[in-house]
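Heads up: the structure comes next, in structure tokens.
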Amino acid sequence: MSIQIPLTPNQEAQAMLDCLRLAVTKALDRKRRLGQYAVFWSEGEPIAVGEDAPVELKARKVSRD
């Protein structure tokens with residue numbers, strides 16, 4: 001017996017996802033306009049983006065050869 005997982009969310013789940021995306025977009029835009037930093041999760045660790053972000057959390061620039 002195998003369990004089938006739908007690839008697309010149902011209508012109710014999609015509405016919730018859209019609402020969450022809008023809320024996050026608004027919050028990040030507000031933080032940007034206020035000059036505040038934001039924290040994201042990237043490659044298994046938190047990084048901070050913004051001019052006033054703590055140095056220990058700032059995104060590291062990766063040089064590509």
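Identifiers in this document derive from the order of the structure tokens: chains are assigned A, B, ..., residues are numbered from 1 separately in each chain, and ligands are numbered from 1 in order of occurrence.
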request  = Write down as a list in words the residues of chain A whose backbone DSSP state falls under strand (DSSP E).
outcome  =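 Here is the list: Ala38, Val39, Phe40, Trp41, Ser42, Glu45, Pro46, Ile47, Ala48 and Val49 of chain A.
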key: Nearest-residue call for Glu56 in chain A, choices A:Ser2, A:Arg33, A:Val39, A:Leu17, using only C-alpha atoms   =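 Closest residue, counting only C-alpha atoms: A:Val39.
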Based on DSSP run over this structure's backbone, return all residues of chain A in helix (DSSP H, G or I), as a tab-separated table (two decimals) with C-alpha atoms, in the first residue's frame.
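So part_20.tsv came out as:
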chain	number	residue	atom	x	y	z
A	11	GLN	CA	-8.36	25.46	-2.13
A	12	GLU	CA	-8.43	26.13	1.63
A	13	ALA	CA	-4.71	25.39	2.07
A	14	GLN	CA	-3.85	27.58	-0.92
A	15	ALA	CA	-5.83	30.47	0.59
A	16	MET	CA	-3.88	30.08	3.87
A	17	LEU	CA	-0.57	29.96	2.01
A	18	ASP	CA	-1.45	33.10	0.04
A	19	CYS	CA	-2.40	34.90	3.26
A	20	LEU	CA	0.88	33.92	4.95
A	21	ARG	CA	2.93	35.03	1.93
A	22	LEU	CA	1.19	38.40	1.91
A	23	ALA	CA	1.73	38.87	5.65
A	24	VAL	CA	5.46	38.06	5.38
A	25	THR	CA	5.87	40.33	2.36
A	26	LYS	CA	4.23	43.22	4.23
A	27	ALA	CA	6.31	42.62	7.37
A	28	LEU	CA	9.60	42.48	5.44
A	29	ASP	CA	8.70	45.62	3.48
A	30	ARG	CA	7.86	47.45	6.70
A	31	LYS	CA	11.17	46.39	8.29
A	32	ARG	CA	13.03	47.56	5.17
A	33	ARG	CA	11.31	50.95	5.22
A	34	LEU	CA	12.05	51.38	8.93
A	55	VAL	CA	28.01	41.31	12.64
A	56	GLU	CA	27.95	37.68	13.82
A	57	LEU	CA	24.73	37.04	11.88
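Across the model, the gap from CA of Ala38 in chain A to CA of Lys58 in chain A is 10.0 Å.
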inquiry  = List the spatial neighbours of Phe40 in chain A as a ChimeraX atom specification - criterion: any atom at most 10 Å away, only C-alpha atoms, same-chain residues fewer than 5 positions off excluded.
reply    = /A:45-49,57,59
ask   = CA of Pro54 in chain A and CA of Gly35 in chain A, how far apart in Å?
value =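 Separating CA of Gly35 in chain A from CA of Pro54 in chain A is a distance of 13.5 Å.
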